[in-house]
Structure formats: structure tokens, C-alpha cells
Amino acid sequence: MRIKFPRLRFSLLLLFSFALLAPSTAWAQEDEKDKAQKQIEKRQELERRTLAMLDEVATQALSLKLPENRSFVLAAAADLLWAHDEKRARNLFWDALNSLTSTINPITADTKDPPKDAAGKDATAKDSVAKRSANDKAQDLNQYYAAFSLRREFLRKVTQHDPQLALDMLRATRLSAPDQGNAEWRLPDDRDLEQEIANQTAARDPKRALQLARESLTKGLTYQAYGVLLQLNQNNPEVAVEFAGDLIAKIQTTNASTDGTAWDIALQLLGASRPAPAAGPGNTAALDATRINRIKLSDDQRRALVDVLTDAVENVSANSNRMDAIMGAMPDIEQLAPDRADKIKAKLATRVITQEEKESDQFYSRLAKGTPEDLVRAGVGASDEMRKSFYQAAAAKAVMNGKAEALREFIKSEVKDESQRSNLNGLLDAEQMSLSLSRGDIEEVEKLLPSIQLKEKRAMAMAEIAMMLEKKGNHDEALKLLDEAQPLVKLDLTSQAQSDALLAVLFADAMVDPDRAFAAIEPIVDRANDNLSKLLLLDKLIKTGFVKDGEIKLQQPGVISLDFAIFKYGKGVVALANADFNHTRALTDRLQRNELRVMARLLLVEALLRKVEPAEKKTAQ
């Protein structure tokens, strides 16, 4: 039995973060010249130690049980090492690929030599497909998507450094797709990955990207092909025009009434090639954006796209999604094929509009032209799901236009339902707080604090204010605010809201009062270790999906990605390493699980190499 068990992801998040979040220390007052020299020397030493630790991480990857974990760590190490030792980085990428391949295409005894029929085909294939249950097929699809995602992320890393190497690796391996029966949609496959590689190549070598994209296009149409076209259009419009012609020719060979990829790309191409509107008062920015992103197509090419689209809608019902989408292309159809426009309008007139469609049309109309009060009125009578959209848009529009207090008065007098009033006021509070924080308006944020009902949200806002106060030199005020925030948060690994709030306060502590932050972190890591042990013990009874063969999977949905962790906590990690590299490393050693220690060290190395400029570059400036 497999049960999704989200609590474990909070434990992993906290373990990675608590192990690396730590204090920064103040520099003593020194002569500026000596201080600058010492900073350069310290940076050089820090870089040396970081690269040495990266080497250790690559070696420690071999101690991981799961091939997918080994591949993930080796690929990340290769990505970081490329600028410093390209030859070794290439070897690490190949090692990572070998581990990944053993995971995504396992060979079993059942698939080596199946019995053959008289024609030499697999005699068991039809029977086995027929006998497989819907659950089995769903599991196959989930496994395929997971494997495809791992392969895609790996190849993206390689492509950033050498697109040809990525292409060689793609073509050296193959991911077997499960049987889809008679499904009208197709699974993503190597064609999509080839087009993605071409897309990443377009900025550096448009002609090579065109060659790769054309090779892939011969195997079939993919959404990534349109992405390549957009990238080429930014870097080399002439090459983009060539590829647009290839795309249109390919689309014309399909049946867009059943081929969703062909339909979508035809519609996007038609819209992107639409002539820019005439200049007028107030639309300069929109006009410039239209011109920049416009794809140049001839009238004949645009007419060919119109023919594809109109042929498709003639073969579908009036309530098909195709009919919804074609409405946006009506100006083009009226211009290029007026004789067909009347038929489409007549068919559109027979459509039965659902309540959901009515609410959606109303939402976008009010969003563009209505006042915040108009949005609230529409939301009161809308379905629960649409009401959220109306209310969120109303709050955002009121705050951005300086009409928050006016909307509060309207809510007080016009919204009768108490829960809806509370919800609307909460959304207004959040929008005002977000805007004030982004502006660094401490006074306004402090005024809004009492209105925040949730303790966790209030603690996070107080942490933000404390860091702003510290930056302005108001150290005592910052400390006082953090003292008030501390009782509002607690360690609760089962609550994402509590986890986020605790991390925010600890991070502010580290920036304002390093000693108390350091004192708080170590016992939290120990407690988190203990809680994680209990969760992993429970995994032996209830399959959570986070553990495989006794090891936590490092790369999976729901657990923070390495890039996001660096974005959110990188500054604190770098501050810690600058203060005491050895102590920072020792914090990762407090993690009891080997795979988590390796991951934490990788996080540390990633933060330092992404954030710290090479010493020789700084010296040269």
C-alpha cells in the first residue's frame, strides 16, 4: 500500500535548512586597505576549501544506495565543477548518466526473451496489455513521467555547458514508453528533449539550433518546437522565419481537429504573427512588446494557418474546446478568410455556455475594466472556486491603486456574510503587507502587524521588519521585535506554516543576533533528527513513497529543489561559511542520515560557488 505522506517533506526541508542556517559575525574595525586584502585572502581560502569539499561530495555520492540519488549528486557536482575542471566534470556527467539509465530502464527476466508467434512478434504482448488493470496502467504512466522528468533535468544541466554532449547522451540512451492503447494524446519523449536542447542552443548558436530543431521535427511535432521558434526569433529573426516555414509545413500534414499539439501551435503562430496595432495614446508599452515578440509571416503563411484552424473546427461539435479557442482568432479569420468566418460565427451561436464559462468571462471582463467593488460584487454570487479569484483580484487591485481603505468600508457595509468579510479583509492585509515589505516601508508594516490574525504570518512579517531595522542600524529595536516574534512560532514538523515561520525567525536571528541563532539551531536539528527517525520507522509499515530500499529519495515532488533552497537560504549559508567554514561543515555532520549529510554538503557547496565570485576576478577589478 502506498500512501502519500507530506509530513516527511517538512522534515527534510527543516533538516537541510537548520543544518546550514547560521550566524554571521561582525568584522572588527580595521584599516580599509588591510581589511580589503584580508577579504581577498579569505575569499581565496574559502574558494579552495569549497572546491575541496565539492570533490568530497562527488566521492561521497558513490556511498548512496539508490542509483537516482547517485545520479542527482554526481550531476550537480559536475555542473558546479565545469568551470574549474571541465574534463573531470564531463566524466562525472557520464557517471551520472550511467546511474540514471540503470534506474529509468531496468531490465528484468520477463522482458529479455519473450515468446514469439509465427510472425516473430511477442506472443504475450496483446494478452499482457489486455490483462493489465487501470491501476497498473496508471502506475506505469506515473513511473514513466517520473523517469522522464529525471532525464529532462539531467540533460538541462548538461546542455547549459555543452549542447552537443547533451545530444550525444540523449541519443546514447532510450526511455521506453508504456502502452497507451488508443489515447488521443501522446506522451513526452525524446523528440521533446531534442527540441529543448535546440531551444537552449538557440541563444548561443542559432544556426546549430535550427539544424537540431529540423532533425527533431522530422520525427514529429512537439510543443518544444514552438519554444525553439520563440528563442530563435529573439536572437536571429531571419533563422526564425526559416523555421516558422518548417513548422507550418509540418502542421499542414496533421489533422488539427484531433492533434492538440498542431492545433495549439497553429493558434499561437497566428496570434504571434498578427500585425501590430496602430500607435495610440496609452498603448506605447503594449505596442513595443507586440513588435518585439512578433513573428514575421507572409499573408500566404497566415492564410495557411487559418485554413488549418477553420478546417479543424468544421469537424468538431459546437461545444468543443476548439470552438472556445477559435474565438480569439476571429479577427484573423475575418481578414484572411471572410467567407469562412460567417460559418464559424453561426456555429459559435449554437454553443451552450456553462455557468463556469459565464463566470470566467465575467471575471476577465471585470478584471480589465471593473473597480475592486465590482469584483467583490461579482464574487459574492460566484461559485466557491471563482469567488477566490474575484476576491484576490479585488484586494490586489485596491492596494495597487491606493484604494484599500475605501474597499474596507465597502466590505463592511455591503458584504453580509461574516466569513466572506473576514476572508476579504485578510486578503487586503496580506496584499498591503506584501507591498509595504517590498517598498521597505517599516512604519507602514508595523501599523499592519496587529491586523494579521495568524500567528505564523505575523511572526514572518516581524522577522522581515527586524532585518530591515538591523540594516538601518536600529539593532536594539530589531532585537526587541524578534523577542516578541519568538513565542509566536514553534517546532512542528507536520505544519508547513509553522516550519516557514520558524525558519524566517531563525534566519532573522542569524542576521541580527548570531549567538542566539546558533544556540537555537543545534537542538532543533537534534529534535528534527529524532522526529525524522520516527517517520522513517513508520515508513516500514506505511509506504510513503519518500523511501526506497531503505534510503530517502533526494529528488522527488514535494521536497525543495536545490535551486530553490539556494535562492531562499543561500545568503545565510554564505554568511555562515564566511564566519567559520569548519563550524559550518560540522553542522552538516549533525545530520544522522548519510544521504541527508551528502545533500546538505552539496547545498553548502552550491551556495558558496553560486554566490562567491572567484578571488582572481575580484582582484582584477
# chains A, B, ... in the order shown; residues from 1 in each chain; ligands from 1
>>> residues_around(residues="A:Ala378", least_positions_apart="3", cutoff="12 Å", atoms="only C-alpha atoms", output="number ranges by chain")
A: 358-367, 370-375, 381-384, 386-391, 393-394, 415
>>> closest_residue(among="A:Glu456, A:Glu470, A:Glu477, A:Glu45", to="A:Leu491", atoms="only C-alpha atoms")
A:Glu456
>>> atom_distance(atom1="atom CA of A:Leu502", atom2="atom CA of A:Glu443")
23.6 Å
>>> residues_around(residues="stretch 218-225 of chain A", least_positions_apart="2", cutoff="9 Å", atoms="only C-alpha atoms", output="VMD selection string")
chain A and resid 188 191 to 196 198 to 199 213 to 216 227 to 230 247 250 to 251 261 to 262 264 to 265
>>> residues_around(residues="A:Ala346", least_positions_apart="6", cutoff="12 Å", atoms="only C-alpha atoms", output="PyMOL selection string")
chain A and resi 313-314+318+323+340
>>> residues_around(residues="A:Gln392", least_positions_apart="3", cutoff="9 Å", atoms="only C-alpha atoms", output="PyMOL selection string")
chain A and resi 387-389+395-397+424+427-428+431
>>> write_last_selection(atoms="C-alpha atoms", output="PDB file, in the first residue's frame")
ATOM      1  CA  ARG A 387     -15.059  33.616  -5.586  1.00  0.00           C
ATOM      2  CA  LYS A 388     -11.434  33.166  -4.504  1.00  0.00           C
ATOM      3  CA  SER A 389     -10.260  34.608  -7.821  1.00  0.00           C
ATOM      4  CA  ALA A 395      -7.715  43.060  -2.960  1.00  0.00           C
ATOM      5  CA  ALA A 396      -4.730  43.324  -5.295  1.00  0.00           C
ATOM      6  CA  LYS A 397      -6.367  45.986  -7.458  1.00  0.00           C
ATOM      7  CA  LEU A 424     -11.650  39.733   2.111  1.00  0.00           C
ATOM      8  CA  LEU A 427      -6.577  39.269   1.632  1.00  0.00           C
ATOM      9  CA  LEU A 428      -6.326  43.052   1.893  1.00  0.00           C
ATOM     10  CA  GLU A 431      -1.619  42.488  -0.110  1.00  0.00           C
TER      11      GLU A 431
END
>>> atom_distance(atom1="atom CA of A:Ala266", atom2="atom CA of A:Asn315")
16.4 Å
>>> residues_around(residues="stretch 59-76 of chain A", least_positions_apart="6", cutoff="9 Å", atoms="only C-alpha atoms", output="PDB file with C-alpha atoms, in the first residue's frame")
ATOM      1  CA  ALA A  89      33.074  17.368 -14.929  1.00  0.00           C
ATOM      2  CA  LEU A  92      31.088  12.911 -13.701  1.00  0.00           C
ATOM      3  CA  PHE A  93      28.233  13.673 -16.109  1.00  0.00           C
ATOM      4  CA  TRP A  94      28.764  10.310 -17.827  1.00  0.00           C
ATOM      5  CA  ASP A  95      28.883   8.548 -14.448  1.00  0.00           C
ATOM      6  CA  ALA A  96      25.635  10.300 -13.525  1.00  0.00           C
ATOM      7  CA  LEU A  97      24.059   9.212 -16.814  1.00  0.00           C
ATOM      8  CA  ASN A  98      25.047   5.586 -16.238  1.00  0.00           C
ATOM      9  CA  SER A  99      23.385   5.633 -12.808  1.00  0.00           C
ATOM     10  CA  LEU A 100      20.301   7.323 -14.215  1.00  0.00           C
ATOM     11  CA  THR A 101      19.980   4.847 -17.081  1.00  0.00           C
ATOM     12  CA  SER A 102      20.020   1.883 -14.721  1.00  0.00           C
ATOM     13  CA  THR A 103      17.071   3.496 -12.921  1.00  0.00           C
ATOM     14  CA  ILE A 104      14.847   4.547 -15.806  1.00  0.00           C
ATOM     15  CA  LEU A 150      14.700  12.993 -14.073  1.00  0.00           C
ATOM     16  CA  PHE A 154      19.797  15.925 -16.094  1.00  0.00           C
ATOM     17  CA  LYS A 157      22.256  20.685 -16.735  1.00  0.00           C
ATOM     18  CA  VAL A 158      24.484  19.201 -19.427  1.00  0.00           C
ATOM     19  CA  LYS A 548      13.185   3.279  -1.418  1.00  0.00           C
ATOM     20  CA  ASP A 549      15.419   0.368  -0.466  1.00  0.00           C
ATOM     21  CA  GLY A 550      15.984   1.965   2.932  1.00  0.00           C
ATOM     22  CA  GLU A 551      17.201   5.318   1.557  1.00  0.00           C
ATOM     23  CA  ILE A 552      15.388   8.664   1.276  1.00  0.00           C
ATOM     24  CA  LYS A 553      14.932   9.734  -2.336  1.00  0.00           C
ATOM     25  CA  LEU A 554      16.670  13.099  -2.709  1.00  0.00           C
ATOM     26  CA  GLN A 555      14.872  14.211  -5.846  1.00  0.00           C
ATOM     27  CA  ASN A 594      24.121   9.654   5.221  1.00  0.00           C
ATOM     28  CA  GLU A 595      22.047  10.763   2.220  1.00  0.00           C
ATOM     29  CA  VAL A 598      25.628  14.454   1.399  1.00  0.00           C
ATOM     30  CA  MET A 599      22.687  16.623   0.349  1.00  0.00           C
ATOM     31  CA  LEU A 602      26.004  19.771  -1.692  1.00  0.00           C
ATOM     32  CA  GLU A 606      26.255  25.116  -4.288  1.00  0.00           C
TER      33      GLU A 606
END
>>> atom_distance(atom1="atom CA of A:Asp259", atom2="atom CA of A:Leu155")
27.3 Å
>>> residues_around(residues="A:Glu522", least_positions_apart="2", cutoff="9 Å", atoms="only C-alpha atoms", output="VMD selection string")
chain A and resid 18 to 19 518 to 520 524 to 527 587 590
>>> select_by_dssp(residues="stretch 216-442 of chain A", states="alpha helix (DSSP H)", output="NGL selection string")
:A and (216-217 or 223-235 or 237-252 or 260-272 or 284-293 or 299-314 or 321-326 or 330-336 or 338-348 or 355-369 or 372-380 or 384-400 or 404-414 or 418-439 or 442)
